[in-house]
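**Q** This is the structure I want to talk about, given as structure tokens.
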Amino acid sequence: MIRKNTFCWSCVMVLFLTSITTFAQQRLTSFKNVLKENSTDIKDVIPVVNKENGNTIMFIADAKNVYGYKLNPEFQLIDKLASETKKRKYKIFIGGDIHGQDYRIFLSNTSQNKFASINFSFTNKTTSSTEFKLPQYEYFVQTIAPKNKLYLLTADKNSGNLYLYSFDKNGTPIKDKINLESTHIVGKYDRAVKIATLLTGQESVQKIEKDTPNAIETVSDPVKMYVRDGNIIITFDQNKKVTYVLNIDIESKNSSTKVYDKPLANLKSSRKKTNSFIYGDYMFGIAANKEIFSMHILDYPSGNFIKEYAVSKNEKISFKNTPIIQEGGAYNSYRELEKTKKFLRKITSENIGISVIKIAGDYLFTIGGYVNQRQGGGMMMMGGGFGAIPIGTIGSATFFFNPTMFAYNSFSNTKSTRIEGVFNDNFEHIPNKEIPENVFDKINDSKTYNETAKTVFRYKDFFIKGDYNTRTKIYHLKKFTE
């Protein structure tokens, strides 16, 4: 009897675990890349989701051609079209635009001053391309794509002007100047500085996607971009006393700035590091030196103070649910630090950052620092098969058109010192609560056929992993949930 009962409980446990795995991971569809007739390697995959009708176009690109496969909201293959108009010099995919039944993808050269677009007309079964270039001294910053429409944000170093480019159905660029008359930003040394200077002085401007896990590498940059309710929001954390927030109305091209006080604003220390993060209706600001760490939670619309968490070097960190984790680096892939003073020393010698996301009803905070590390003795690496980019960006193509994939890559290549903490809706710390597994962990644990042709993107309220079997020429899509 004992053996029989034990066996039954084992069966129940296996079924339970299987159901959890099935719920977290589900096959959506597979289709054969029948349009590709040559034997060249796949260079990148570009998912473009039509936010109006739920259709998805999977663009699969090799060195010369782009192959488009249209899927309906049930992920059934309903159309396909190949383009042979892609020039080799345009190697970085930066986004997609939709006009009716026409889907247009945009690419740039590695210098990001010349651009091309390829239009896929599934109705007429034709493709066409256009090219354009930026004026001298004007620099490409980032792309934004709300409501199926692509915008390019650029900055002119000489004049200090910012511009938004949109595109008509023929791919012709329409250039609009952003009104910066009401903006004012003070930089690192408490001196007025041009916004264009801050944007073009960065290796990159990180684009943050809500409800997507973000590693310390992603959030530790001093300039970050968010797209919310038809507005481009850019935070500047060069100044150690305040965070400046630039708000650009995409429709009107008007702008405004808001200022949020940082923790430890009156503490004068050359070693002090600061940063911020916006999530929902809240602004999270952090500051630290070798002696003390402080985090402020503010109401984002008003700037009003809500709560503070702080710790000094001789105290234990009471608001964490993990050990102090040091991950990556040349000699040790994972180790745990015991003392707070080591944590403070590490994060203040690095690029400090904070990431916040809500998982299973609770807020998960990740706080720490990140060091740029050399790859093979150099500061550059190859990204997505296209050109050389700064190491911090981990993939030039995904960096622009697919911030979800960029965030996923950041988790896979982490080199940080960090702690994680779980908090309730009132931002009260929940001690002894286990850290929830995020969706990227689940995706990372799943089988991958081809790393180069892999993509991860958000579709409505879940995530999709795309993966290509080179031998069978079949592309697979799987659904992942929290």
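Ordering of the structure tokens sets the chain letters (A, B, ...); residue numbers start at 1 within each chain; ligands are numbered from 1 in the order shown.
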Please provide as a PyMOL selection string all residues within 9 Å of Lys290 of chain A, with the sequence filter that same-chain residues fewer than 6 positions apart are discarded (counting only C-alpha atoms).
**A** chain A and resi 271-272+312-313+341-348
**Q** Can you spit out the residues from that selection as a tab-separated table (two decimals), in the first residue's frame, using C-alpha atoms?
**A**
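This went into selection-v6.tsv:
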```
chain	number	residue	atom	x	y	z
A	271	ARG	CA	32.60	58.85	-5.63
A	272	LYS	CA	28.83	59.37	-5.43
A	312	SER	CA	25.10	52.45	5.61
A	313	LYS	CA	28.23	50.37	5.05
A	341	LYS	CA	30.54	47.80	2.40
A	342	LYS	CA	31.70	45.51	-0.41
A	343	PHE	CA	28.40	46.05	-2.21
A	344	LEU	CA	28.76	49.84	-1.88
A	345	ARG	CA	32.35	49.75	-3.02
A	346	LYS	CA	31.47	47.67	-6.07
A	347	ILE	CA	28.43	49.64	-7.26
A	348	THR	CA	30.12	53.03	-6.79
```
**Q** Quick one: residues within 10 Å of Ile464 of chain A, only C-alpha atoms counted, chain neighbours fewer than 3 positions away excluded, as an mmCIF file with all heavy atoms, in the first residue's frame?
**A**
```
data_model
loop_
_atom_site.group_PDB
_atom_site.id
_atom_site.type_symbol
_atom_site.label_atom_id
_atom_site.label_comp_id
_atom_site.auth_asym_id
_atom_site.auth_seq_id
_atom_site.Cartn_x
_atom_site.Cartn_y
_atom_site.Cartn_z
ATOM 1 N N GLN A 25 5.093 27.824 -21.441
ATOM 2 C CA GLN A 25 5.680 27.719 -22.775
ATOM 3 C C GLN A 25 4.708 26.979 -23.686
ATOM 4 O O GLN A 25 4.269 25.882 -23.375
ATOM 5 C CB GLN A 25 7.009 26.983 -22.697
ATOM 6 C CG GLN A 25 7.636 26.671 -24.036
ATOM 7 C CD GLN A 25 8.914 25.878 -23.890
ATOM 8 O OE1 GLN A 25 9.568 25.969 -22.867
ATOM 9 N NE2 GLN A 25 9.252 25.102 -24.892
ATOM 10 N N GLN A 26 4.365 27.577 -24.823
ATOM 11 C CA GLN A 26 3.377 26.968 -25.718
ATOM 12 C C GLN A 26 3.790 27.199 -27.167
ATOM 13 O O GLN A 26 4.142 28.318 -27.551
ATOM 14 C CB GLN A 26 2.007 27.597 -25.461
ATOM 15 C CG GLN A 26 0.912 27.152 -26.408
ATOM 16 C CD GLN A 26 -0.355 27.956 -26.207
ATOM 17 O OE1 GLN A 26 -0.588 28.519 -25.152
ATOM 18 N NE2 GLN A 26 -1.179 28.031 -27.239
ATOM 19 N N ARG A 27 3.757 26.152 -27.962
ATOM 20 C CA ARG A 27 4.069 26.290 -29.379
ATOM 21 C C ARG A 27 2.946 27.045 -30.075
ATOM 22 O O ARG A 27 1.772 26.714 -29.958
ATOM 23 C CB ARG A 27 4.233 24.909 -30.021
ATOM 24 C CG ARG A 27 4.521 24.944 -31.506
ATOM 25 C CD ARG A 27 4.532 23.539 -32.092
ATOM 26 N NE ARG A 27 4.638 23.557 -33.540
ATOM 27 C CZ ARG A 27 3.628 23.720 -34.380
ATOM 28 N NH1 ARG A 27 2.401 23.884 -33.899
ATOM 29 N NH2 ARG A 27 3.811 23.720 -35.692
ATOM 30 N N LEU A 28 3.323 28.107 -30.821
ATOM 31 C CA LEU A 28 2.334 28.892 -31.550
ATOM 32 C C LEU A 28 2.202 28.419 -32.991
ATOM 33 O O LEU A 28 1.103 28.173 -33.473
ATOM 34 C CB LEU A 28 2.720 30.378 -31.532
ATOM 35 C CG LEU A 28 2.537 31.129 -30.218
ATOM 36 C CD1 LEU A 28 3.060 32.546 -30.350
ATOM 37 C CD2 LEU A 28 1.068 31.153 -29.803
ATOM 38 N N PRO A 47 10.646 40.954 -36.287
ATOM 39 C CA PRO A 47 9.196 40.826 -36.109
ATOM 40 C C PRO A 47 8.538 42.210 -36.100
ATOM 41 O O PRO A 47 8.963 43.106 -35.377
ATOM 42 C CB PRO A 47 9.071 40.159 -34.738
ATOM 43 C CG PRO A 47 10.304 40.592 -33.998
ATOM 44 C CD PRO A 47 11.374 40.868 -35.007
ATOM 45 N N ILE A 443 12.598 31.566 -21.109
ATOM 46 C CA ILE A 443 12.990 31.531 -22.518
ATOM 47 C C ILE A 443 14.416 31.004 -22.649
ATOM 48 O O ILE A 443 14.719 30.205 -23.540
ATOM 49 C CB ILE A 443 12.867 32.935 -23.143
ATOM 50 C CG1 ILE A 443 11.393 33.355 -23.187
ATOM 51 C CG2 ILE A 443 13.476 32.967 -24.542
ATOM 52 C CD1 ILE A 443 11.174 34.786 -23.629
ATOM 53 N N THR A 455 14.941 35.341 -32.118
ATOM 54 C CA THR A 455 14.415 36.640 -31.720
ATOM 55 C C THR A 455 13.441 36.447 -30.572
ATOM 56 O O THR A 455 12.841 35.372 -30.412
ATOM 57 C CB THR A 455 13.713 37.351 -32.897
ATOM 58 O OG1 THR A 455 13.372 38.692 -32.502
ATOM 59 C CG2 THR A 455 12.436 36.640 -33.308
ATOM 60 N N VAL A 456 13.299 37.469 -29.741
ATOM 61 C CA VAL A 456 12.336 37.488 -28.644
ATOM 62 C C VAL A 456 11.592 38.810 -28.736
ATOM 63 O O VAL A 456 12.212 39.871 -28.821
ATOM 64 C CB VAL A 456 13.035 37.359 -27.275
ATOM 65 C CG1 VAL A 456 12.009 37.481 -26.141
ATOM 66 C CG2 VAL A 456 13.795 36.047 -27.164
ATOM 67 N N PHE A 457 10.264 38.764 -28.756
ATOM 68 C CA PHE A 457 9.505 40.012 -28.852
ATOM 69 C C PHE A 457 8.198 39.899 -28.073
ATOM 70 O O PHE A 457 7.739 38.801 -27.747
ATOM 71 C CB PHE A 457 9.233 40.399 -30.308
ATOM 72 C CG PHE A 457 8.404 39.423 -31.105
ATOM 73 C CD1 PHE A 457 7.054 39.667 -31.343
ATOM 74 C CD2 PHE A 457 8.976 38.272 -31.651
ATOM 75 C CE1 PHE A 457 6.295 38.784 -32.096
ATOM 76 C CE2 PHE A 457 8.220 37.385 -32.411
ATOM 77 C CZ PHE A 457 6.876 37.644 -32.636
ATOM 78 N N ARG A 458 7.637 41.058 -27.799
ATOM 79 C CA ARG A 458 6.391 41.107 -27.030
ATOM 80 C C ARG A 458 5.199 41.142 -27.994
ATOM 81 O O ARG A 458 5.208 41.872 -28.985
ATOM 82 C CB ARG A 458 6.370 42.342 -26.131
ATOM 83 C CG ARG A 458 5.236 42.340 -25.130
ATOM 84 C CD ARG A 458 5.312 43.534 -24.180
ATOM 85 N NE ARG A 458 4.329 43.405 -23.128
ATOM 86 C CZ ARG A 458 4.519 42.789 -21.979
ATOM 87 N NH1 ARG A 458 5.698 42.265 -21.723
ATOM 88 N NH2 ARG A 458 3.572 42.704 -21.078
ATOM 89 N N TYR A 459 4.170 40.352 -27.680
ATOM 90 C CA TYR A 459 2.927 40.359 -28.447
ATOM 91 C C TYR A 459 1.784 40.474 -27.437
ATOM 92 O O TYR A 459 1.550 39.550 -26.653
ATOM 93 C CB TYR A 459 2.791 39.094 -29.279
ATOM 94 C CG TYR A 459 1.550 39.068 -30.147
ATOM 95 C CD1 TYR A 459 1.583 39.563 -31.448
ATOM 96 C CD2 TYR A 459 0.349 38.553 -29.665
ATOM 97 C CE1 TYR A 459 0.447 39.538 -32.248
ATOM 98 C CE2 TYR A 459 -0.791 38.540 -30.452
ATOM 99 C CZ TYR A 459 -0.745 39.032 -31.747
ATOM 100 O OH TYR A 459 -1.872 39.025 -32.526
ATOM 101 N N ASP A 467 12.762 30.973 -33.488
ATOM 102 C CA ASP A 467 13.999 30.203 -33.615
ATOM 103 C C ASP A 467 13.976 29.457 -34.947
ATOM 104 O O ASP A 467 12.935 28.934 -35.359
ATOM 105 C CB ASP A 467 14.110 29.235 -32.438
ATOM 106 C CG ASP A 467 15.439 28.511 -32.397
ATOM 107 O OD1 ASP A 467 16.413 29.024 -32.974
ATOM 108 O OD2 ASP A 467 15.503 27.425 -31.791
ATOM 109 N N HIS A 476 10.312 28.476 -36.053
ATOM 110 C CA HIS A 476 9.400 28.097 -34.976
ATOM 111 C C HIS A 476 9.102 29.299 -34.092
ATOM 112 O O HIS A 476 9.991 30.095 -33.764
ATOM 113 C CB HIS A 476 10.019 26.991 -34.112
ATOM 114 C CG HIS A 476 10.388 25.763 -34.879
ATOM 115 N ND1 HIS A 476 9.528 24.703 -35.075
ATOM 116 C CD2 HIS A 476 11.562 25.408 -35.494
ATOM 117 C CE1 HIS A 476 10.119 23.770 -35.792
ATOM 118 N NE2 HIS A 476 11.363 24.154 -36.048
ATOM 119 N N LEU A 477 7.842 29.439 -33.674
ATOM 120 C CA LEU A 477 7.435 30.479 -32.736
ATOM 121 C C LEU A 477 6.810 29.821 -31.502
ATOM 122 O O LEU A 477 5.927 28.964 -31.631
ATOM 123 C CB LEU A 477 6.429 31.434 -33.361
ATOM 124 C CG LEU A 477 6.914 32.324 -34.518
ATOM 125 C CD1 LEU A 477 5.787 33.182 -35.028
ATOM 126 C CD2 LEU A 477 8.075 33.186 -34.083
ATOM 127 N N LYS A 478 7.286 30.216 -30.316
ATOM 128 C CA LYS A 478 6.748 29.696 -29.055
ATOM 129 C C LYS A 478 6.308 30.851 -28.168
ATOM 130 O O LYS A 478 6.955 31.896 -28.118
ATOM 131 C CB LYS A 478 7.795 28.859 -28.322
ATOM 132 C CG LYS A 478 8.104 27.531 -29.002
ATOM 133 C CD LYS A 478 9.104 26.723 -28.187
ATOM 134 C CE LYS A 478 9.399 25.390 -28.846
ATOM 135 N NZ LYS A 478 10.396 24.601 -28.070
ATOM 136 N N LYS A 479 5.219 30.640 -27.466
ATOM 137 C CA LYS A 479 4.659 31.627 -26.549
ATOM 138 C C LYS A 479 5.170 31.379 -25.129
ATOM 139 O O LYS A 479 5.206 30.233 -24.672
ATOM 140 C CB LYS A 479 3.132 31.534 -26.564
ATOM 141 C CG LYS A 479 2.419 32.363 -25.529
ATOM 142 C CD LYS A 479 0.915 32.124 -25.614
ATOM 143 C CE LYS A 479 0.155 32.872 -24.522
ATOM 144 N NZ LYS A 479 -1.307 32.654 -24.607
ATOM 145 N N PHE A 480 5.540 32.464 -24.431
ATOM 146 C CA PHE A 480 5.997 32.369 -23.041
ATOM 147 C C PHE A 480 5.231 33.381 -22.193
ATOM 148 O O PHE A 480 5.028 34.522 -22.595
ATOM 149 C CB PHE A 480 7.501 32.654 -22.938
ATOM 150 C CG PHE A 480 8.370 31.570 -23.504
ATOM 151 C CD1 PHE A 480 8.617 31.513 -24.869
ATOM 152 C CD2 PHE A 480 8.931 30.606 -22.684
ATOM 153 C CE1 PHE A 480 9.426 30.508 -25.411
ATOM 154 C CE2 PHE A 480 9.730 29.598 -23.200
ATOM 155 C CZ PHE A 480 9.974 29.550 -24.575
ATOM 156 N N THR A 481 4.804 32.937 -21.015
ATOM 157 C CA THR A 481 4.106 33.807 -20.069
ATOM 158 C C THR A 481 4.850 33.792 -18.737
ATOM 159 O O THR A 481 5.682 32.929 -18.475
ATOM 160 C CB THR A 481 2.666 33.333 -19.853
ATOM 161 O OG1 THR A 481 2.683 31.976 -19.398
ATOM 162 C CG2 THR A 481 1.871 33.426 -21.147
#
```
**Q** Using the chain letters and numbers from this document, which residues of segment 30-181 of chain A does DSSP assign to strand (DSSP E or B), as a VMD selection string?
**A** chain A and resid 30 to 32 44 to 49 56 to 61 66 to 71 77 to 83 92 to 99 102 to 108 114 to 121 126 to 133 138 to 144 151 to 156 162 to 167 173 to 177 179
**Q** What's around His429 of chain A at 12 Å? Count only C-alpha atoms, leave out sequence neighbours fewer than 2 positions away in its own chain, and write the answer as a list in words.
**A**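 Residues near the query, excluding close chain neighbours: Lys307, Glu308, Tyr309, Ile317, Ser318, Phe319, Lys320, Asn321, Asp362, Tyr363, Leu364, Phe365, Glu420, Gly421, Val422, Phe423, Asn424, Asp425, Asn426, Phe427, Pro431, Asn432 and Lys433 of chain A.
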**Q** Write a file of the selected residues as a JSON list (two decimals), in the first residue's frame, keeping C-alpha atoms.
**A**
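Listing of part-v8.json after writing:
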```json
[["chain", "number", "residue", "atom", "x", "y", "z"],
["A", 307, "LYS", "CA", 9.11, 56.32, 0.70],
["A", 308, "GLU", "CA", 12.83, 55.94, 1.32],
["A", 309, "TYR", "CA", 15.08, 52.93, 1.89],
["A", 317, "ILE", "CA", 20.63, 45.45, 3.90],
["A", 318, "SER", "CA", 17.14, 44.84, 5.30],
["A", 319, "PHE", "CA", 15.24, 45.33, 2.04],
["A", 320, "LYS", "CA", 16.76, 42.56, -0.09],
["A", 321, "ASN", "CA", 15.51, 39.02, -0.80],
["A", 362, "ASP", "CA", 4.43, 42.28, -6.33],
["A", 363, "TYR", "CA", 7.13, 44.75, -7.29],
["A", 364, "LEU", "CA", 10.56, 43.29, -7.98],
["A", 365, "PHE", "CA", 13.44, 45.72, -7.51],
["A", 420, "GLU", "CA", 16.92, 42.02, -5.60],
["A", 421, "GLY", "CA", 13.99, 42.82, -3.34],
["A", 422, "VAL", "CA", 10.24, 42.13, -3.36],
["A", 423, "PHE", "CA", 7.77, 44.85, -2.30],
["A", 424, "ASN", "CA", 3.98, 45.09, -2.03],
["A", 425, "ASP", "CA", 1.70, 47.75, -3.55],
["A", 426, "ASN", "CA", 2.54, 50.15, -0.72],
["A", 427, "PHE", "CA", 6.25, 49.58, -1.39],
["A", 431, "PRO", "CA", 11.00, 39.64, 3.76],
["A", 432, "ASN", "CA", 11.68, 35.93, 3.07],
["A", 433, "LYS", "CA", 9.70, 36.06, -0.17]]
```
**Q** Which residue, A:Tyr475, A:Tyr151, A:Tyr300, A:Tyr282, has the smallest gap to Val34 of chain A when you use only C-alpha atoms?
**A**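 Distance minimum relative to Val34 of chain A lands on A:Tyr475.
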**Q** Need the shell around Phe106 of chain A: protein/DNA/RNA residues with any atom at most 12 Å away, counting only C-alpha atoms. Skip same-chain ones fewer than 2 positions apart. Format as a ChimeraX atom specification?
**A** /A:46,48,59,66,86-87,90-98,103-104,108-109,112,114-120,129-132,143,145,149-152,166-167,171-173,397,400-401
**Q** Take atom CA of Asn124 of chain A and atom CA of Thr56 of chain A and report the distance between them in Å, one decimal.
**A**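 Atom-to-atom, atom CA of Asn124 of chain A to atom CA of Thr56 of chain A, that is 18.4 Å.
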**Q** Suppose you want the space between atom CA of Asp229 of chain A and atom CA of Asn161 of chain A; what is it in Å?
**A**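 Taking atom CA of Asp229 of chain A and atom CA of Asn161 of chain A, their separation equals 23.5 Å.
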**Q** Nearest to Ala82 of chain A among A:Thr110, A:Thr274, A:Ser128, A:Ser204, with distances taken over only C-alpha atoms: which residue is it?
**A** A:Ser128
**Q** List the spatial neighbours of Pro146 of chain A as a list in words - criterion: any atom at most 9 Å away, only C-alpha atoms, same-chain residues fewer than 6 positions off excluded.
**A** Lys51, Val227, Asp229 and Gly230 of chain A
**Q** Output N, CA, C and O atoms for every residue in that selection, as a PDB file, in the first residue's frame.
**A**
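Output saved as result04.pdb:
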```
ATOM      1  N   LYS A  51      -0.347  46.609 -34.562  1.00  0.00           N
ATOM      2  CA  LYS A  51      -1.065  46.825 -33.308  1.00  0.00           C
ATOM      3  C   LYS A  51      -2.559  47.019 -33.514  1.00  0.00           C
ATOM      4  O   LYS A  51      -3.327  46.983 -32.559  1.00  0.00           O
ATOM      5  N   VAL A 227       8.455  55.389 -24.044  1.00  0.00           N
ATOM      6  CA  VAL A 227       7.361  55.879 -24.883  1.00  0.00           C
ATOM      7  C   VAL A 227       6.064  55.603 -24.151  1.00  0.00           C
ATOM      8  O   VAL A 227       5.729  54.444 -23.874  1.00  0.00           O
ATOM      9  N   ASP A 229       1.872  56.905 -23.889  1.00  0.00           N
ATOM     10  CA  ASP A 229       0.688  57.697 -24.234  1.00  0.00           C
ATOM     11  C   ASP A 229       0.979  58.774 -25.278  1.00  0.00           C
ATOM     12  O   ASP A 229       0.588  59.941 -25.115  1.00  0.00           O
ATOM     13  N   GLY A 230       1.673  58.409 -26.353  1.00  0.00           N
ATOM     14  CA  GLY A 230       1.932  59.363 -27.421  1.00  0.00           C
ATOM     15  C   GLY A 230       3.033  60.360 -27.108  1.00  0.00           C
ATOM     16  O   GLY A 230       3.150  61.390 -27.795  1.00  0.00           O
TER      17      GLY A 230
END
```
**Q** For Ser182 of chain A, which residue among A:Asn254, A:Ser333, A:Gln202, A:Asn113 is the nearest when counting only C-alpha atoms?
**A**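 Residue with the minimum atom-to-atom distance to Ser182 of chain A: A:Asn254.
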**Q** Rounded to one decimal, what separation in Å do you get between atom CA of Ile419 of chain A and atom CA of Ile325 of chain A?
**A**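 Computed distance, atom CA of Ile419 of chain A to atom CA of Ile325 of chain A, equals 6.3 Å.
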**Q** Which residues are close to segment 60-64 of chain A, i.e. within 7 Å by only C-alpha atoms, leaving aside same-chain residues fewer than 3 positions away? Reply as a PyMOL selection string.
**A** chain A and resi 40-46+67-68+84+86-88
**Q** Using only C-alpha atoms, which residue out of A:Pro403, A:Gln142, A:Pro323, A:Lys465 lies closest to Asp445 of chain A?
**A**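 Once distances to Asp445 of chain A are computed over only C-alpha atoms, the minimum belongs to A:Lys465.
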**Q** In terms of the shortest atom-to-atom distance over only C-alpha atoms, which of A:Ala215, A:Ile367, A:Val223, A:Val245 is closest to Tyr408 of chain A?
**A** A:Ala215
**Q** With only C-alpha atoms as the basis for distance, which of A:Arg418, A:Arg471, A:Lys454, A:Lys241 is at the shortest distance from Lys273 of chain A?
**A**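 Going through A:Arg418, A:Arg471, A:Lys454, A:Lys241 one by one, the smallest distance to Lys273 of chain A is for A:Lys241.
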